[in-house]
Amino acid sequence: MGKTNMKKISLSLVCMLIGGATVAMAQKINAAGATFPAAIYQKWFEEFHKLNSAIEINYQSIGSGGGIAQLTGGTVDFGASDMPMTDDQLSKLKVKAFHFPTVLGAVVPTYNVAGVATDLKFTPETLSGIFLGKITKWNDPSLVKDNPGIKLPKNDIVVVHRSDGSGTTFVWTDYLSKISPEWKAKVGANTSVSWPVGLGGKGNEGVAGLVKQTPDSIGYVELVWAAQNKMTVGLVKNSSGAFIKADVESVTDAAAGAAKEIPADFRISITNAPGKNAFPISSFTYLLIPSTIPDAGKSKAIVAFLQWMLADGQKFAPGLYYAPLPKEVVAKEIKQIALINASAAAQPKAKTK
Amino acid sequence: MTTPLAVEIPVIRRKTQTGDIVARWVVTVFAASILLVTILVVYQLWVTSAPSRHKSGFGFLISSQWNPVTEEFGALPFIYGTVVTSVLALLISIPLGLGAAIFLAELAPARVSNSLTFLIELLAAIPSVIYGLLALFTVVPLMRQYGEPFLKSTLGFLPFFQGPAYGVGFLTAGIVLSFMTLPFIISVSRESLLAVPREQREAALALGATRWETTWQVVVPWARLGIFGSIFLSLARALGETMAVTMVIGNDPKISASLLASGYSIAAVIANEFSEATGAVYPAALVELGLVLFCLTIIINGMARLMIMATTGKGTKRA
Amino acid sequence: MSKRLIWRKGVNALMLTLTGVFTFIAVATLFLILGCLIYNGASSLSWNFFTKLPLSAGEEGGGMANAIVGSLEIVGMAGLIGLPVGFLAGVYLAEFEDKVFASLIRYVADLLNGIPSIVVGLLAWSLVVVPMKQFSAVAGSIALSVMLIPVVARQTEQFLREVPNSIREAALALGANKWKMIATVVVPAGSKGILTGMILGMARIAGESAPLLFTAFNNQFWNGGVTQPTASLPVMIYFRALSGYEDWHRQAWAAGLVLISAVLTANILARLVLARGVSVPRG
């Protein structure tokens, strides 16, 4: 007797829960991907939700590799990645996707060395040497030479890298591959590589956390993570020979040349860019938007977000240490928005409630 | 002669039989669902890992290459890390656990023993992620600042204690795991010790043995099957631990003799890399790792249950 | 006294003291863990924590309201699935067992019990997330229910077995048919133990994080429904602990405190239920 009653109750509860899902008030969109821009994406989705309370974009920062994987698997509505998708990855998508650059950022070397509160100077040689495992101590002659007057301890360098598939890793290894033939041959550039040395942290936040907690460590993170965690950041020597600090100006400089040459699909690498004041480890970061979005409510919401992002959204960038997009790139992207669902032009107006 | 009752009885029997048949069917179906789910687990793991199995074959188990870029996957670093941390955990928790079990079974008065055992069993209820949280913020800094430098200075000549002191690594993961396996060893060993007949103890004491000699040379050997069972049970649990390990092992797929080095375990790599595995082979390789882990835990769990059943008489026998 | 005897007595005293010390260590660990959580987490428990949604990186004042509700949702649904299935399977094993099949089910239930939680997550991912093309609370609940079923089944079986046969025979003698006997007499007799098993099972799955990582995933907003990604306490603790932000670390501690309070309360409750009202003496 008790059993049948319990079954009836549980059945109706289940029905109510499922029913509740369909009567949901907001337009819910699920996205996942890069941690590199996560700080500004979360800010954007929050602000956008304040302006459009009916639209909830749930972004989970699981790494660029995760963003590409989830988009390919169809478990998210759009993805995000710092690394432009390769032709091979694009071919595996069931629905073609567009790359929408959102902001520019810098990947910086961040370190935790006792007694060193100032900015250390790194050259391409020292960075590649450290991450290849060839430079093992902080008081290595090449580091001392580049940083006169700073007392570097004789402790072992603890390298920290990403344990997950990361666009930030791609930007970092892309730079290292360009400036070190040995790195290019041994390790290469990708979202996930076989690291010669080091500990793995999950996400930009994981690397920042590990470096912060591990003395004598060095890792690479997107600038905002080091800045918000008040960590020491190194200067990097660029192709013109100057030691540059990563900030909005030097990143914008790095993108200056690219803005005119950017291809139609926006896939470009701007590491080691020419320019007197360019920060050499800069990158665009992308939203990966499917070219056809069948659900009219979702597509309307996503298009509205993209338009807002390219206009008002850009204002939030400098405050979070990202550089806004060059005007030429914005103009091209606005044209690309029109291509979403272009084949299904005559869509009836959808109810988002 | 047919009495009214004699006429009724067959009717009642038919009615009751249908109710019983239905009930039997319902419960049998639900019981069978357990079997179905297990078969489903094995089947899904087998099928989903097919791309990776076809590519690597048995070489998967002995290769130490883990390269998502070139799509070469080998399980060895993860098997190594899983085994090393679990063995390390047991090396710590066996003496600790057996000692505590002896105290609780032989020395402590019954009420004290019961309440202390209750408290210790609560340790088993603490979620893995909370062990990880604690380990990350308290154990890791302690190990990095005091524990590992101490080991390096005293035992640094051994290959086990060389290399930089990260705080994270095999050793820390092993220590955290040891506390997670401790309650199982204590609980089951204590029961096995309690099941040893009084006569054995009394005989030994009568022959002039000290309490300790009685315990160590008579009672423990008598209960050894159950104790081994508890060890295997803990081993199975340690092998599959995910969250606590992934937060303190360093996440580096390398094999290293030094316990201070960072490594990786099967469960940790699946947790870290699964949501981003693209392509046909990468996710399949991770699922294949899951299959390897599953097989390992099945074997060890099976052995554990056999041993425990033999001593305490629990399991298939009716009470 | 001979030297040998002194030695033996010394060893005896030492070893027995050592066992006491080890026991102390084991018990102290529990209190250290609780103490650590209270020390670090209590100060971060705030009205914000219980009512606010998570905020973006670096912004202070966020909370885990959606994770608390999400955990309740996911665990609740897992219970809806797992408790009845486990209970009825346990009834089968105790009352209806057919020799070989029952042994097989028992063996398999123990296997399922020992399965690593991450593997269960893989199963639920391939069975639910992939076809649905969506992370969802349902997928998480299914993963957790797979872990719940064997625990409940074995506990139900154990406590039904402990009901003496005399009760069964008395019911049958009074003319009850088998299922009525079970439902109205045997199960109530063993109910305290069965309930204990259920509470313990639920407490165990409430703390599980690994199976939810790629089934229920995570969500910054209020959980939209059972077919949407859903935040849960264990998963949030994991993500927050690994980050570099002090505020997020504090939130992880607070969440840890909330989680462990719930789990330990359930455990203590379960054992009190068992101790208080065992209608049948054990063994």
# chains A, B, ... in the order shown; residues from 1 in each chain; ligands from 1
call {"tool": "interface_residues", "arguments": {"of": "chain C", "to": "chain B", "cutoff": "7 Å", "atoms": "only C-alpha atoms", "output": "ChimeraX atom specification"}}
result
/C:9,12,15-16,19-20,22-23,26-27,30,85,88-89,91-92,96,105,108-109,111-112,114-116,118-119,123,161-162,177-179,204,207-210,214,234,238,241,256,260,283
call {"tool": "interface_residues", "arguments": {"of": "chain C", "to": "chain A", "cutoff": "8 Å", "atoms": "only C-alpha atoms", "output": "count of residues only"}}
result
22
call {"tool": "residues_around", "arguments": {"residues": "region 130-138 of chain A", "least_positions_apart": "4", "cutoff": "7 Å", "atoms": "only C-alpha atoms", "output": "short mmCIF file (atom, residue, chain, number, x, y, z; two decimals) with C-alpha atoms, in the first residue's frame"}}
result
data_model
loop_
_atom_site.label_atom_id
_atom_site.label_comp_id
_atom_site.auth_asym_id
_atom_site.auth_seq_id
_atom_site.Cartn_x
_atom_site.Cartn_y
_atom_site.Cartn_z
CA THR A 126 65.61 32.61 -20.98
CA LEU A 152 68.24 36.15 -7.50
CA PRO A 153 68.38 33.15 -5.15
CA LYS A 154 70.13 29.92 -6.06
CA ASN A 155 66.94 27.92 -5.68
CA ASP A 156 65.50 25.51 -8.23
CA ILE A 157 62.97 26.95 -10.61
CA VAL A 159 57.80 25.48 -13.65
CA PRO A 196 59.41 18.79 -20.65
CA VAL A 197 59.11 19.93 -17.03
#
call {"tool": "select_by_dssp", "arguments": {"residues": "region 14-228 of chain C", "states": "helix (DSSP H, G or I)", "output": "PyMOL selection string"}}
result
chain C and resi 14-44+47-51+65-95+99-113+117-132+137-161+165-173+178-189+191-206+210-212
call {"tool": "residues_around", "arguments": {"residues": "Gly66 (chain A)", "least_positions_apart": "5", "cutoff": "9 Å", "atoms": "only C-alpha atoms", "output": "list of chain:residue names"}}
result
A:Ala32, A:Gly33, A:Ala34, A:Ser61, A:Leu71, A:Gly79, A:Ala80, A:Ser81, A:Asp164, A:Gly165, A:Ser166, B:Glu273, B:Phe274, B:Ser275, B:Glu276, B:Ala277, B:Thr278
call {"tool": "residues_around", "arguments": {"residues": "region 51-54 of chain B", "least_positions_apart": "3", "cutoff": "8 Å", "atoms": "only C-alpha atoms", "output": "list in words"}}
result
Thr48, Gly57, Phe58, Phe60, Ala280, Val281, Tyr282, Ala284, Ala285 and Glu288 of chain B
call {"tool": "write_last_selection", "arguments": {"atoms": "C-alpha atoms", "output": "tab-separated table (two decimals), in the first residue's frame"}}
result
chain	number	residue	atom	x	y	z
B	48	THR	CA	33.27	3.88	-26.10
B	57	GLY	CA	46.14	-2.52	-28.62
B	58	PHE	CA	47.91	-3.88	-25.57
B	60	PHE	CA	48.38	1.06	-24.31
B	280	ALA	CA	38.01	10.24	-32.03
B	281	VAL	CA	40.91	8.78	-30.13
B	282	TYR	CA	41.46	11.17	-27.22
B	284	ALA	CA	38.31	6.95	-26.17
B	285	ALA	CA	41.75	6.78	-24.59
B	288	GLU	CA	39.98	3.09	-21.88
call {"tool": "residues_around", "arguments": {"residues": "Ala143 (chain C)", "least_positions_apart": "3", "cutoff": "6 Å", "atoms": "only C-alpha atoms", "output": "list in words"}}
result
Val120, Gly121, Ala124, Gly140 and Val146 of chain C
call {"tool": "interface_residues", "arguments": {"of": "chain A", "to": "chain B", "cutoff": "6 Å", "atoms": "only C-alpha atoms", "output": "list of chain:residue names"}}
result
A:Gly65, A:Gly66, A:Ala69, A:Asp164, A:Ser194, A:Leu199, A:Gly200
call {"tool": "residues_around", "arguments": {"residues": "Gly174 (chain B)", "least_positions_apart": "2", "cutoff": "6 Å", "atoms": "only C-alpha atoms", "output": "ChimeraX atom specification"}}
result
/B:85,88-89,170-172,176-177
call {"tool": "atom_distance", "arguments": {"atom1": "CA of Arg201 (chain B)", "atom2": "CA of Thr181 (chain B)"}}
result
28.5 Å
call {"tool": "closest_residue", "arguments": {"among": "A:Pro84, A:Leu287, A:Asp119, A:Val248", "to": "Pro318 (chain A)", "atoms": "only C-alpha atoms"}}
result
A:Val248
call {"tool": "atom_distance", "arguments": {"atom1": "CA of Phe73 (chain B)", "atom2": "CA of Ser49 (chain B)"}}
result
12.2 Å
call {"tool": "atom_distance", "arguments": {"atom1": "CA of Asp88 (chain A)", "atom2": "CA of Glu72 (chain B)"}}
result
17.1 Å
call {"tool": "closest_residue", "arguments": {"among": "C:Met147, C:Val100, C:Met132, C:Ala189", "to": "Gly79 (chain C)", "atoms": "only C-alpha atoms"}}
result
C:Met147
call {"tool": "select_by_dssp", "arguments": {"residues": "region 161-353 of chain A", "states": "strand (DSSP E)", "output": "list in words"}}
result
His161, Arg162, Leu199, Gly200, Gly201, Ser217, Ile218, Gly219, Tyr220, Val221, Glu222, Thr232, Val233, Leu235, Val236, Lys237, Phe243, Ile244, Ser282, Ser283, Phe284, Thr285, Tyr286, Leu287, Leu288, Ile289 and Pro290 of chain A
